[in-house]
$ cat protein25.cif   # mmCIF, C-alpha atoms and all ligand atoms
data_query
#
loop_
_atom_site.group_PDB
_atom_site.id
_atom_site.type_symbol
_atom_site.label_atom_id
_atom_site.label_comp_id
_atom_site.auth_asym_id
_atom_site.auth_seq_id
_atom_site.Cartn_x
_atom_site.Cartn_y
_atom_site.Cartn_z
ATOM 1 C CA MET A 721 -71.099 -80.763 88.594
ATOM 2 C CA ASP A 722 -67.372 -81.297 88.918
ATOM 3 C CA ASN A 723 -65.194 -78.535 90.295
ATOM 4 C CA LYS A 724 -62.659 -78.422 87.489
ATOM 5 C CA ARG A 725 -62.228 -75.011 85.952
ATOM 6 C CA ASP A 726 -63.319 -74.426 82.386
ATOM 7 C CA ARG A 727 -60.447 -74.634 79.920
ATOM 8 C CA LEU A 728 -59.941 -74.495 76.195
ATOM 9 C CA VAL A 729 -56.988 -75.890 74.264
ATOM 10 C CA ARG A 730 -55.939 -75.091 70.725
ATOM 11 C CA GLY A 731 -53.866 -77.532 68.771
ATOM 12 C CA THR A 732 -52.692 -78.425 65.301
ATOM 13 C CA ALA A 733 -52.063 -81.685 63.494
ATOM 14 C CA LEU A 734 -50.737 -82.920 60.157
ATOM 15 C CA ASP A 735 -48.113 -80.169 59.878
ATOM 16 C CA GLY A 736 -50.584 -77.407 60.583
ATOM 17 C CA ARG A 737 -53.103 -78.469 57.967
ATOM 18 C CA VAL A 738 -55.596 -79.262 60.709
ATOM 19 C CA ARG A 739 -56.513 -76.797 63.430
ATOM 20 C CA ALA A 740 -58.502 -77.974 66.417
ATOM 21 C CA PHE A 741 -60.114 -76.651 69.568
ATOM 22 C CA ALA A 742 -61.518 -78.521 72.544
ATOM 23 C CA VAL A 743 -63.187 -77.001 75.561
ATOM 24 C CA ARG A 744 -64.885 -77.764 78.842
ATOM 25 C CA THR A 745 -67.653 -75.241 79.644
ATOM 26 C CA THR A 746 -69.411 -76.971 82.542
ATOM 27 C CA ALA A 747 -69.039 -74.099 85.022
ATOM 28 C CA LEU A 748 -69.949 -71.470 82.417
ATOM 29 C CA VAL A 749 -73.137 -73.233 81.351
ATOM 30 C CA ASP A 750 -74.171 -73.876 84.947
ATOM 31 C CA GLU A 751 -73.568 -70.209 85.795
ATOM 32 C CA LEU A 752 -75.836 -69.214 82.885
ATOM 33 C CA ARG A 753 -78.457 -71.721 84.002
ATOM 34 C CA ARG A 754 -78.412 -70.277 87.510
ATOM 35 C CA ARG A 755 -78.538 -66.649 86.355
ATOM 36 C CA HIS A 756 -81.275 -67.133 83.765
ATOM 37 C CA ASP A 757 -83.139 -70.015 85.434
ATOM 38 C CA THR A 758 -83.075 -72.039 82.217
ATOM 39 C CA TYR A 759 -84.962 -75.334 82.143
ATOM 40 C CA PRO A 760 -83.025 -78.393 80.901
ATOM 41 C CA THR A 761 -83.778 -78.198 77.155
ATOM 42 C CA ALA A 762 -83.109 -74.449 77.179
ATOM 43 C CA THR A 763 -79.919 -75.054 79.201
ATOM 44 C CA ALA A 764 -78.691 -77.491 76.545
ATOM 45 C CA ALA A 765 -79.490 -75.140 73.648
ATOM 46 C CA LEU A 766 -77.889 -72.127 75.320
ATOM 47 C CA GLY A 767 -74.981 -74.269 76.541
ATOM 48 C CA ARG A 768 -74.190 -75.630 73.079
ATOM 49 C CA THR A 769 -74.315 -72.116 71.624
ATOM 50 C CA VAL A 770 -71.998 -70.534 74.212
ATOM 51 C CA THR A 771 -69.637 -73.515 73.870
ATOM 52 C CA ALA A 772 -69.355 -72.866 70.120
ATOM 53 C CA ALA A 773 -68.966 -69.146 70.829
ATOM 54 C CA ALA A 774 -66.173 -69.824 73.347
ATOM 55 C CA MET A 775 -64.182 -71.739 70.699
ATOM 56 C CA MET A 776 -64.884 -69.167 67.993
ATOM 57 C CA GLY A 777 -63.722 -66.488 70.430
ATOM 58 C CA ALA A 778 -60.421 -68.356 70.751
ATOM 59 C CA MET A 779 -59.969 -67.911 66.974
ATOM 60 C CA LEU A 780 -59.907 -64.124 67.467
ATOM 61 C CA LYS A 781 -56.984 -61.855 68.373
ATOM 62 C CA GLY A 782 -56.499 -58.929 70.757
ATOM 63 C CA GLN A 783 -59.610 -56.824 71.304
ATOM 64 C CA GLU A 784 -61.677 -58.584 68.635
ATOM 65 C CA LYS A 785 -65.050 -59.922 69.735
ATOM 66 C CA LEU A 786 -67.854 -62.031 68.439
ATOM 67 C CA ALA A 787 -71.622 -62.383 68.711
ATOM 68 C CA VAL A 788 -73.661 -65.452 67.776
ATOM 69 C CA MET A 789 -77.408 -65.186 67.320
ATOM 70 C CA VAL A 790 -79.434 -68.339 66.761
ATOM 71 C CA LYS A 791 -82.792 -67.238 65.411
ATOM 72 C CA GLY A 792 -84.891 -70.363 65.070
ATOM 73 C CA ASN A 793 -88.652 -70.813 64.962
ATOM 74 C CA GLY A 794 -88.802 -72.907 68.141
ATOM 75 C CA PRO A 795 -90.253 -71.997 71.552
ATOM 76 C CA ILE A 796 -86.907 -70.867 72.992
ATOM 77 C CA GLY A 797 -86.857 -67.728 70.800
ATOM 78 C CA GLN A 798 -83.450 -66.254 70.077
ATOM 79 C CA ILE A 799 -80.220 -67.515 71.612
ATOM 80 C CA THR A 800 -77.541 -64.834 71.937
ATOM 81 C CA ALA A 801 -73.917 -65.486 72.877
ATOM 82 C CA GLU A 802 -70.893 -63.202 72.969
ATOM 83 C CA SER A 803 -67.232 -64.038 73.376
ATOM 84 C CA ASN A 804 -63.735 -62.691 72.883
ATOM 85 C CA ALA A 805 -60.111 -63.780 72.628
ATOM 86 C CA PHE A 806 -59.699 -63.644 76.423
ATOM 87 C CA GLY A 807 -62.115 -66.522 77.030
ATOM 88 C CA GLU A 808 -64.835 -64.218 78.341
ATOM 89 C CA VAL A 809 -68.275 -65.514 77.413
ATOM 90 C CA ARG A 810 -71.868 -64.512 78.146
ATOM 91 C CA GLY A 811 -75.246 -65.445 76.723
ATOM 92 C CA TYR A 812 -78.994 -65.660 77.164
ATOM 93 C CA VAL A 813 -82.165 -66.948 75.540
ATOM 94 C CA THR A 814 -85.482 -65.184 74.955
ATOM 95 C CA ASN A 815 -87.517 -67.858 76.760
ATOM 96 C CA PRO A 816 -85.475 -69.689 79.418
ATOM 97 C CA HIS A 817 -88.409 -71.758 80.713
ATOM 98 C CA VAL A 818 -88.459 -74.269 77.878
ATOM 99 C CA HIS A 819 -88.326 -77.966 78.618
ATOM 100 C CA LEU A 820 -89.548 -80.559 76.134
ATOM 101 C CA PRO A 821 -89.962 -84.338 76.260
ATOM 102 C CA SER A 822 -86.764 -86.184 75.259
ATOM 103 C CA ASN A 823 -86.264 -86.889 71.568
ATOM 104 C CA SER A 824 -86.265 -90.350 69.962
ATOM 105 C CA LEU A 825 -82.639 -90.864 71.093
ATOM 106 C CA GLY A 826 -83.586 -90.193 74.715
ATOM 107 C CA LYS A 827 -81.650 -86.908 74.594
ATOM 108 C CA LEU A 828 -82.680 -83.361 75.394
ATOM 109 C CA ASP A 829 -84.631 -82.172 72.360
ATOM 110 C CA VAL A 830 -82.481 -79.178 71.429
ATOM 111 C CA ALA A 831 -83.826 -79.032 67.865
ATOM 112 C CA GLY A 832 -87.349 -78.945 69.265
ATOM 113 C CA ALA A 833 -86.459 -75.953 71.435
ATOM 114 C CA VAL A 834 -84.420 -74.090 68.792
ATOM 115 C CA GLY A 835 -86.604 -74.936 65.806
ATOM 116 C CA THR A 836 -85.553 -76.384 62.473
ATOM 117 C CA GLU A 837 -86.034 -73.235 60.433
ATOM 118 C CA GLY A 838 -84.385 -69.853 60.784
ATOM 119 C CA PHE A 839 -80.861 -68.466 60.719
ATOM 120 C CA ILE A 840 -77.618 -68.400 62.600
ATOM 121 C CA ASP A 841 -76.090 -64.941 62.390
ATOM 122 C CA ILE A 842 -72.476 -64.360 63.351
ATOM 123 C CA SER A 843 -71.077 -60.900 63.817
ATOM 124 C CA LYS A 844 -67.357 -60.319 64.426
ATOM 125 C CA ASP A 845 -65.971 -57.002 65.580
ATOM 126 C CA LEU A 846 -62.476 -57.144 64.112
ATOM 127 C CA GLY A 847 -61.674 -53.510 64.827
ATOM 128 C CA MET A 848 -62.717 -52.405 61.318
ATOM 129 C CA LYS A 849 -65.320 -49.758 60.571
ATOM 130 C CA GLU A 850 -67.948 -52.393 59.893
ATOM 131 C CA PRO A 851 -68.220 -55.747 61.648
ATOM 132 C CA TYR A 852 -67.823 -58.943 59.645
ATOM 133 C CA ARG A 853 -71.222 -60.593 59.267
ATOM 134 C CA GLY A 854 -72.029 -64.158 58.293
ATOM 135 C CA SER A 855 -75.403 -65.843 58.157
ATOM 136 C CA VAL A 856 -76.489 -69.372 57.366
ATOM 137 C CA PRO A 857 -79.866 -71.072 57.484
ATOM 138 C CA ILE A 858 -80.508 -73.495 60.343
ATOM 139 C CA ILE A 859 -80.286 -76.993 58.890
ATOM 140 C CA SER A 860 -80.931 -79.243 61.904
ATOM 141 C CA GLY A 861 -81.506 -77.159 65.033
ATOM 142 C CA GLU A 862 -79.253 -79.495 67.043
ATOM 143 C CA LEU A 863 -76.594 -76.769 66.642
ATOM 144 C CA GLY A 864 -73.459 -78.942 66.192
ATOM 145 C CA ASP A 865 -74.417 -79.649 62.572
ATOM 146 C CA ASP A 866 -75.524 -76.057 62.144
ATOM 147 C CA PHE A 867 -72.143 -74.676 63.182
ATOM 148 C CA THR A 868 -70.453 -77.271 60.943
ATOM 149 C CA TYR A 869 -72.556 -75.905 58.103
ATOM 150 C CA TYR A 870 -71.652 -72.323 59.048
ATOM 151 C CA PHE A 871 -67.910 -73.032 58.810
ATOM 152 C CA ALA A 872 -68.255 -74.798 55.459
ATOM 153 C CA VAL A 873 -70.493 -72.211 53.824
ATOM 154 C CA SER A 874 -69.742 -68.892 55.459
ATOM 155 C CA GLU A 875 -66.058 -69.256 56.335
ATOM 156 C CA GLN A 876 -65.263 -71.726 53.538
ATOM 157 C CA THR A 877 -63.306 -73.885 55.964
ATOM 158 C CA PRO A 878 -64.644 -77.414 56.264
ATOM 159 C CA ALA A 879 -64.945 -78.289 59.944
ATOM 160 C CA ALA A 880 -66.403 -80.866 62.284
ATOM 161 C CA VAL A 881 -68.147 -79.395 65.297
ATOM 162 C CA GLY A 882 -69.216 -81.360 68.375
ATOM 163 C CA LEU A 883 -71.174 -79.710 71.190
ATOM 164 C CA GLY A 884 -72.664 -81.338 74.275
ATOM 165 C CA VAL A 885 -74.443 -80.477 77.511
ATOM 166 C CA LEU A 886 -75.566 -83.035 80.080
ATOM 167 C CA VAL A 887 -78.083 -81.922 82.701
ATOM 168 C CA GLU A 888 -78.529 -83.550 86.130
ATOM 169 C CA THR A 889 -81.912 -84.582 87.531
ATOM 170 C CA ASP A 890 -81.799 -81.484 89.769
ATOM 171 C CA ASN A 891 -81.444 -79.403 86.552
ATOM 172 C CA SER A 892 -77.839 -78.365 87.272
ATOM 173 C CA VAL A 893 -75.221 -78.967 84.585
ATOM 174 C CA ARG A 894 -73.277 -82.208 84.927
ATOM 175 C CA VAL A 895 -70.857 -81.596 82.052
ATOM 176 C CA ALA A 896 -70.650 -79.315 79.030
ATOM 177 C CA GLY A 897 -68.070 -78.860 76.311
ATOM 178 C CA GLY A 898 -67.192 -79.317 72.690
ATOM 179 C CA PHE A 899 -64.653 -79.439 69.905
ATOM 180 C CA ILE A 900 -64.039 -77.930 66.489
ATOM 181 C CA VAL A 901 -61.711 -79.573 63.984
ATOM 182 C CA GLN A 902 -60.961 -77.350 60.984
ATOM 183 C CA LEU A 903 -59.561 -78.765 57.768
ATOM 184 C CA LEU A 904 -57.178 -76.307 56.156
ATOM 185 C CA PRO A 905 -55.981 -76.443 52.538
ATOM 186 C CA GLY A 906 -53.463 -79.089 51.521
ATOM 187 C CA LEU A 907 -54.986 -82.218 53.025
ATOM 188 C CA THR A 908 -55.109 -85.359 50.909
ATOM 189 C CA ASP A 909 -58.351 -87.262 50.435
ATOM 190 C CA GLU A 910 -56.922 -90.082 52.577
ATOM 191 C CA GLU A 911 -56.140 -87.692 55.424
ATOM 192 C CA ILE A 912 -59.620 -86.173 55.257
ATOM 193 C CA THR A 913 -61.192 -89.632 55.280
ATOM 194 C CA GLU A 914 -59.095 -90.564 58.327
ATOM 195 C CA ILE A 915 -60.190 -87.437 60.218
ATOM 196 C CA GLU A 916 -63.833 -87.999 59.280
ATOM 197 C CA ARG A 917 -63.521 -91.553 60.553
ATOM 198 C CA ALA A 918 -62.063 -90.340 63.873
ATOM 199 C CA VAL A 919 -64.785 -87.729 64.303
ATOM 200 C CA GLY A 920 -67.478 -90.259 63.368
ATOM 201 C CA SER A 921 -66.235 -92.830 65.881
ATOM 202 C CA LEU A 922 -65.866 -90.349 68.748
ATOM 203 C CA PRO A 923 -68.096 -91.129 71.712
ATOM 204 C CA SER A 924 -70.245 -88.101 72.542
ATOM 205 C CA VAL A 925 -68.479 -85.069 73.983
ATOM 206 C CA THR A 926 -70.465 -85.452 77.194
ATOM 207 C CA ALA A 927 -69.414 -89.114 77.536
ATOM 208 C CA LEU A 928 -65.738 -88.115 77.306
ATOM 209 C CA LEU A 929 -66.186 -85.277 79.801
ATOM 210 C CA GLU A 930 -68.063 -87.568 82.170
ATOM 211 C CA GLU A 931 -65.086 -89.950 82.042
ATOM 212 C CA GLY A 932 -63.032 -87.027 83.277
ATOM 213 C CA LEU A 933 -61.073 -86.352 80.087
ATOM 214 C CA GLU A 934 -59.315 -83.004 79.929
ATOM 215 C CA PRO A 935 -59.737 -80.909 76.753
ATOM 216 C CA GLU A 936 -56.267 -81.904 75.460
ATOM 217 C CA GLU A 937 -57.150 -85.580 75.891
ATOM 218 C CA MET A 938 -60.377 -84.999 73.994
ATOM 219 C CA LEU A 939 -58.388 -83.374 71.226
ATOM 220 C CA ARG A 940 -55.915 -86.288 71.051
ATOM 221 C CA TYR A 941 -58.851 -88.677 70.913
ATOM 222 C CA LEU A 942 -59.692 -87.047 67.576
ATOM 223 C CA LEU A 943 -56.169 -86.294 66.378
ATOM 224 C CA PRO A 944 -53.628 -88.630 67.998
ATOM 225 C CA ASP A 945 -50.632 -86.605 66.752
ATOM 226 C CA ALA A 946 -52.101 -83.235 67.782
ATOM 227 C CA VAL A 947 -49.635 -80.666 69.098
ATOM 228 C CA ILE A 948 -51.155 -78.407 71.777
ATOM 229 C CA MET A 949 -50.309 -74.808 70.916
ATOM 230 C CA ASP A 950 -51.894 -72.939 73.792
ATOM 231 C CA GLU A 951 -54.682 -72.946 76.334
ATOM 232 C CA LEU A 952 -57.132 -70.467 77.703
ATOM 233 C CA ASP A 953 -59.346 -70.299 80.784
ATOM 234 C CA ILE A 954 -63.021 -69.810 79.933
ATOM 235 C CA ASN A 955 -65.073 -67.601 82.228
ATOM 236 C CA PHE A 956 -68.494 -66.068 82.431
ATOM 237 C CA VAL A 957 -67.946 -62.305 82.223
ATOM 238 C CA CYS A 958 -70.557 -59.630 81.646
ATOM 239 C CA GLN A 959 -69.348 -56.173 80.665
ATOM 240 C CA CYS A 960 -72.358 -54.376 82.102
ATOM 241 C CA SER A 961 -71.903 -51.895 84.939
ATOM 242 C CA ARG A 962 -73.906 -49.257 86.781
ATOM 243 C CA GLU A 963 -72.024 -46.559 84.838
ATOM 244 C CA ARG A 964 -72.960 -48.115 81.492
ATOM 245 C CA VAL A 965 -76.607 -48.426 82.529
ATOM 246 C CA GLU A 966 -76.545 -44.764 83.586
ATOM 247 C CA GLN A 967 -75.345 -43.824 80.111
ATOM 248 C CA THR A 968 -78.204 -45.837 78.616
ATOM 249 C CA LEU A 969 -80.653 -43.931 80.821
ATOM 250 C CA VAL A 970 -79.111 -40.596 79.800
ATOM 251 C CA SER A 971 -79.648 -41.575 76.170
ATOM 252 C CA LEU A 972 -83.395 -42.053 76.817
ATOM 253 C CA GLY A 973 -83.665 -38.272 76.757
ATOM 254 C CA GLU A 974 -85.241 -35.651 79.013
ATOM 255 C CA LYS A 975 -88.899 -36.443 78.278
ATOM 256 C CA GLU A 976 -88.670 -40.142 79.054
ATOM 257 C CA LEU A 977 -86.590 -39.513 82.198
ATOM 258 C CA GLU A 978 -89.106 -36.934 83.453
ATOM 259 C CA ARG A 979 -91.878 -39.433 82.867
ATOM 260 C CA LEU A 980 -89.983 -42.139 84.814
ATOM 261 C CA ILE A 981 -89.472 -39.767 87.763
ATOM 262 C CA GLU A 982 -93.106 -38.624 87.817
ATOM 263 C CA GLU A 983 -94.898 -41.896 87.127
ATOM 264 C CA ASP A 984 -92.658 -44.645 88.454
ATOM 265 C CA ASP A 985 -90.582 -42.942 91.133
ATOM 266 C CA GLN A 986 -87.726 -45.247 90.202
ATOM 267 C CA ALA A 987 -86.249 -47.178 87.313
ATOM 268 C CA GLU A 988 -85.067 -50.756 87.193
ATOM 269 C CA VAL A 989 -82.872 -51.861 84.315
ATOM 270 C CA VAL A 990 -82.090 -55.564 83.950
ATOM 271 C CA CYS A 991 -79.068 -56.668 81.903
ATOM 272 C CA HIS A 992 -80.178 -59.293 79.370
ATOM 273 C CA PHE A 993 -76.838 -61.034 79.508
ATOM 274 C CA CYS A 994 -76.393 -61.560 83.249
ATOM 275 C CA ASN A 995 -79.862 -60.811 84.651
ATOM 276 C CA GLU A 996 -78.368 -58.297 87.086
ATOM 277 C CA ALA A 997 -80.905 -55.618 88.079
ATOM 278 C CA TYR A 998 -79.806 -52.003 88.433
ATOM 279 C CA VAL A 999 -82.241 -49.850 90.428
ATOM 280 C CA PHE A 1000 -82.212 -46.050 90.371
ATOM 281 C CA ASN A 1001 -84.276 -44.075 92.874
ATOM 282 C CA LYS A 1002 -85.860 -40.676 92.307
ATOM 283 C CA ASP A 1003 -82.805 -38.680 93.447
ATOM 284 C CA GLU A 1004 -80.461 -40.726 91.258
ATOM 285 C CA LEU A 1005 -82.794 -40.322 88.301
ATOM 286 C CA GLN A 1006 -82.817 -36.578 88.914
ATOM 287 C CA VAL A 1007 -79.004 -36.513 88.657
ATOM 288 C CA ILE A 1008 -79.228 -38.508 85.400
ATOM 289 C CA LEU A 1009 -81.882 -36.087 84.105
ATOM 290 C CA ASP A 1010 -79.555 -33.168 84.868
ATOM 291 C CA GLN A 1011 -76.851 -34.944 82.862
ATOM 292 C CA ALA A 1012 -79.260 -35.452 79.959
ATOM 293 C CA LYS A 1013 -80.058 -31.732 80.034
ATOM 294 C CA SER A 1014 -76.443 -30.606 80.008
HETATM 295 ZN ZN ZN B 1101 -74.709 -57.862 82.553
#

$ encode --input "protein25.cif" --output "structure tokens" --more "lines below"
Ligand code: ZN
Amino acid sequence: MDNKRDRLVRGTALDGRVRAFAVRTTALVDELRRRHDTYPTATAALGRTVTAAAMMGAMLKGQEKLAVMVKGNGPIGQITAESNAFGEVRGYVTNPHVHLPSNSLGKLDVAGAVGTEGFIDISKDLGMKEPYRGSVPIISGELGDDFTYYFAVSEQTPAAVGLGVLVETDNSVRVAGGFIVQLLPGLTDEEITEIERAVGSLPSVTALLEEGLEPEEMLRYLLPDAVIMDELDINFVCQCSRERVEQTLVSLGEKELERLIEEDDQAEVVCHFCNEAYVFNKDELQVILDQAKS
């Protein structure tokens, strides 16, 4: 793994009629691999999903946040990723210990792990009473095409999405990243054809990252006249804390807390997102029980 920090750039081209994002997520995906002990195929599936989520997070503003749930019928179970406009990303999979033989292209078989049937559900908390929800069927399971389909169908913005994760022989992440090119209204057929040609002729995202290209260079590879508007550091951040877990325990109610104290002597709560374990001993549980009673 290289030591470069994870960065995302946002740019526009063709007088703002094209909006594009490119990101390196190598450190993020390796952090998730380490925390969740994902095997290579699971690492690639989770890595592609959080990479898409990181870029979709960059489309948000202020305190808005986003959740992506990939619910396929493959052995990995559900992939969950969350992100926000500050570049904070976290994610996990139901079954991290999934590794399959390479597919016919010699690549990690992400579709085999995710499954080729199911749904991708997107939920955006935009500060309204109800979150925005979008859902599309899984069409390939390789995820890049599935997110492309999501943008076309659910957000009615045609887009090209590229996602890639390359895993080392020691299972660590060599490179990870991606791009999204969104076609906004007003493009001519010729311009669209030109963009499609550029996307089609792009070497894989992982090949570009392996060459050491920065996200802005990746973006210019696709859109030579792209203007970089801003950039954002991408980081693994989990919002869990001992205080939040305590509140969850309080909400279990008196009966369940009394049972925990009597039968188990302690309680261990593991955060799905970061795999951090919070342990509460008998005395601490007693304090929480008193809170639940008051
Ligand atoms: Zn956590």

$ closest_atom_pairs --input "protein25.cif" --of "chain A" --to "ligand ZN 1101 (chain B)" --cutoff "8 Å" --atoms "all atoms listed in the file" --output "tab-separated table"
residue	atom	partner	partner_atom	distance
A:Cys958	CA	B:ZN1101	ZN	4.6
A:Gln959	CA	B:ZN1101	ZN	5.9
A:Cys960	CA	B:ZN1101	ZN	4.2
A:Ser961	CA	B:ZN1101	ZN	7.0
A:Val990	CA	B:ZN1101	ZN	7.9
A:Cys991	CA	B:ZN1101	ZN	4.6
A:His992	CA	B:ZN1101	ZN	6.5
A:Phe993	CA	B:ZN1101	ZN	4.9
A:Cys994	CA	B:ZN1101	ZN	4.1
A:Asn995	CA	B:ZN1101	ZN	6.3
A:Glu996	CA	B:ZN1101	ZN	5.8

$ closest_residue --input "protein25.cif" --among "A:Asp909, A:Arg964, A:Tyr941, A:Val970" --to "A:Gln1006" --atoms "only C-alpha atoms"
A:Val970

$ axis_aligned_box --input "protein25.cif" --around "stretch 846-852 of chain A" --padding-each-side "5 Å" --output "lines of an AutoDock Vina configuration file"
center_x = -64.9
center_y = -54.4
center_z = 62.2
size_x = 16.5
size_y = 19.2
size_z = 15.2

$ closest_atom_pairs --input "protein25.cif" --of "stretch 822-902 of chain A" --to "stretch 925-938 of chain A" --cutoff "7 Å" --atoms "all atoms listed in the file" --output "CSV"
residue,atom,partner,partner_atom,distance
A:Gly882,CA,A:Val925,CA,6.8
A:Leu883,CA,A:Val925,CA,6.6
A:Gly884,CA,A:Thr926,CA,5.5
A:Val885,CA,A:Thr926,CA,6.4
A:Leu886,CA,A:Thr926,CA,6.3
A:Val895,CA,A:Thr926,CA,6.2
A:Ala896,CA,A:Thr926,CA,6.4
A:Gly897,CA,A:Val925,CA,6.6
A:Gly898,CA,A:Val925,CA,6.0

$ atom_distance --input "protein25.cif" --atom1 "atom CA of A:Val856" --atom2 "atom CA of A:Thr877"
14.0 Å

$ residues_near_point --input "protein25.cif" --point "(-85.2, -46.6, 86.1)" --cutoff "12 Å" --atoms "only C-alpha atoms" --output "compact mmCIF listing (two decimals) with C-alpha atoms, in the frame of the given file"
# COMPACT_ATOMS: atom_id res chain seq x y z
CA ARG A 962 -73.91 -49.26 86.78
CA VAL A 965 -76.61 -48.43 82.53
CA GLU A 966 -76.54 -44.76 83.59
CA GLN A 967 -75.34 -43.82 80.11
CA THR A 968 -78.20 -45.84 78.62
CA LEU A 969 -80.65 -43.93 80.82
CA VAL A 970 -79.11 -40.60 79.80
CA LEU A 972 -83.40 -42.05 76.82
CA GLU A 976 -88.67 -40.14 79.05
CA LEU A 977 -86.59 -39.51 82.20
CA GLU A 978 -89.11 -36.93 83.45
CA ARG A 979 -91.88 -39.43 82.87
CA LEU A 980 -89.98 -42.14 84.81
CA ILE A 981 -89.47 -39.77 87.76
CA GLU A 982 -93.11 -38.62 87.82
CA GLU A 983 -94.90 -41.90 87.13
CA ASP A 984 -92.66 -44.64 88.45
CA ASP A 985 -90.58 -42.94 91.13
CA GLN A 986 -87.73 -45.25 90.20
CA ALA A 987 -86.25 -47.18 87.31
CA GLU A 988 -85.07 -50.76 87.19
CA VAL A 989 -82.87 -51.86 84.32
CA VAL A 990 -82.09 -55.56 83.95
CA ALA A 997 -80.90 -55.62 88.08
CA TYR A 998 -79.81 -52.00 88.43
CA VAL A 999 -82.24 -49.85 90.43
CA PHE A 1000 -82.21 -46.05 90.37
CA ASN A 1001 -84.28 -44.08 92.87
CA LYS A 1002 -85.86 -40.68 92.31
CA ASP A 1003 -82.80 -38.68 93.45
CA GLU A 1004 -80.46 -40.73 91.26
CA LEU A 1005 -82.79 -40.32 88.30
CA GLN A 1006 -82.82 -36.58 88.91
CA ILE A 1008 -79.23 -38.51 85.40
CA LEU A 1009 -81.88 -36.09 84.10

$ atom_distance --input "protein25.cif" --atom1 "atom CA of A:Asn815" --atom2 "atom CA of A:Phe956"
19.9 Å

$ closest_residue --input "protein25.cif" --among "A:Lys791, A:Arg744, A:Arg754, A:Arg917" --to "A:Ala774" --atoms "all atoms listed in the file"
A:Arg744

$ resolve_selection --input "protein25.cif" --expression "the PyMOL selection byres (((chain A and resi 841) around 6) and not hetatm)" --output "PDB file with C-alpha atoms, in the frame of the given file"
ATOM      1  CA  VAL A 788     -73.661 -65.452  67.776  1.00  0.00           C
ATOM      2  CA  MET A 789     -77.408 -65.186  67.320  1.00  0.00           C
ATOM      3  CA  ILE A 840     -77.618 -68.400  62.600  1.00  0.00           C
ATOM      4  CA  ILE A 842     -72.476 -64.360  63.351  1.00  0.00           C
ATOM      5  CA  GLY A 854     -72.029 -64.158  58.293  1.00  0.00           C
ATOM      6  CA  SER A 855     -75.403 -65.843  58.157  1.00  0.00           C
TER       7      SER A 855
END

$ closest_atom_pairs --input "protein25.cif" --of "stretch 870-904 of chain A" --to "stretch 728-735 of chain A" --cutoff "10 Å" --atoms "all atoms listed in the file" --output "JSON lines"
{"residue": "A:Gly897", "atom": "CA", "partner": "A:Leu728", "partner_atom": "CA", "distance": 9.2}
{"residue": "A:Gly898", "atom": "CA", "partner": "A:Leu728", "partner_atom": "CA", "distance": 9.4}
{"residue": "A:Phe899", "atom": "CA", "partner": "A:Leu728", "partner_atom": "CA", "distance": 9.3}
{"residue": "A:Ile900", "atom": "CA", "partner": "A:Arg730", "partner_atom": "CA", "distance": 9.6}
{"residue": "A:Val901", "atom": "CA", "partner": "A:Thr732", "partner_atom": "CA", "distance": 9.2}
{"residue": "A:Gln902", "atom": "CA", "partner": "A:Thr732", "partner_atom": "CA", "distance": 9.4}
{"residue": "A:Leu903", "atom": "CA", "partner": "A:Ala733", "partner_atom": "CA", "distance": 9.9}

$ write_last_selection --input "protein25.cif" --atoms "C-alpha atoms" --output "tab-separated table (two decimals), in the coordinates of the input"
chain	number	residue	atom	x	y	z
A	897	GLY	CA	-68.07	-78.86	76.31
A	898	GLY	CA	-67.19	-79.32	72.69
A	899	PHE	CA	-64.65	-79.44	69.90
A	900	ILE	CA	-64.04	-77.93	66.49
A	901	VAL	CA	-61.71	-79.57	63.98
A	902	GLN	CA	-60.96	-77.35	60.98
A	903	LEU	CA	-59.56	-78.76	57.77

$ atom_distance --input "protein25.cif" --atom1 "atom CA of A:Glu802" --atom2 "atom CA of A:Leu939"
23.8 Å

$ build_atoms --input "protein25.cif" --residues "stretch 792-799 of chain A" --atoms "N, CA and C atoms" --output "mmCIF file, keeping the file's coordinate frame"
data_model
loop_
_atom_site.group_PDB
_atom_site.id
_atom_site.type_symbol
_atom_site.label_atom_id
_atom_site.label_comp_id
_atom_site.auth_asym_id
_atom_site.auth_seq_id
_atom_site.Cartn_x
_atom_site.Cartn_y
_atom_site.Cartn_z
ATOM 1 N N GLY A 792 -84.055 -69.277 65.573
ATOM 2 C CA GLY A 792 -84.891 -70.363 65.070
ATOM 3 C C GLY A 792 -86.359 -70.097 65.319
ATOM 4 N N ASN A 793 -87.208 -70.994 64.812
ATOM 5 C CA ASN A 793 -88.652 -70.813 64.962
ATOM 6 C C ASN A 793 -89.216 -71.655 66.106
ATOM 7 N N GLY A 794 -88.349 -72.098 67.010
ATOM 8 C CA GLY A 794 -88.802 -72.907 68.141
ATOM 9 C C GLY A 794 -89.205 -72.067 69.338
ATOM 10 N N PRO A 795 -89.714 -72.718 70.391
ATOM 11 C CA PRO A 795 -90.253 -71.997 71.552
ATOM 12 C C PRO A 795 -89.220 -71.216 72.362
ATOM 13 N N ILE A 796 -87.941 -71.529 72.194
ATOM 14 C CA ILE A 796 -86.907 -70.867 72.992
ATOM 15 C C ILE A 796 -86.696 -69.411 72.550
ATOM 16 N N GLY A 797 -87.104 -69.081 71.326
ATOM 17 C CA GLY A 797 -86.857 -67.728 70.800
ATOM 18 C C GLY A 797 -85.424 -67.613 70.329
ATOM 19 N N GLN A 798 -84.830 -66.463 70.558
ATOM 20 C CA GLN A 798 -83.450 -66.254 70.077
ATOM 21 C C GLN A 798 -82.434 -66.622 71.165
ATOM 22 N N ILE A 799 -81.355 -67.270 70.717
ATOM 23 C CA ILE A 799 -80.220 -67.515 71.612
ATOM 24 C C ILE A 799 -79.138 -66.513 71.221
#
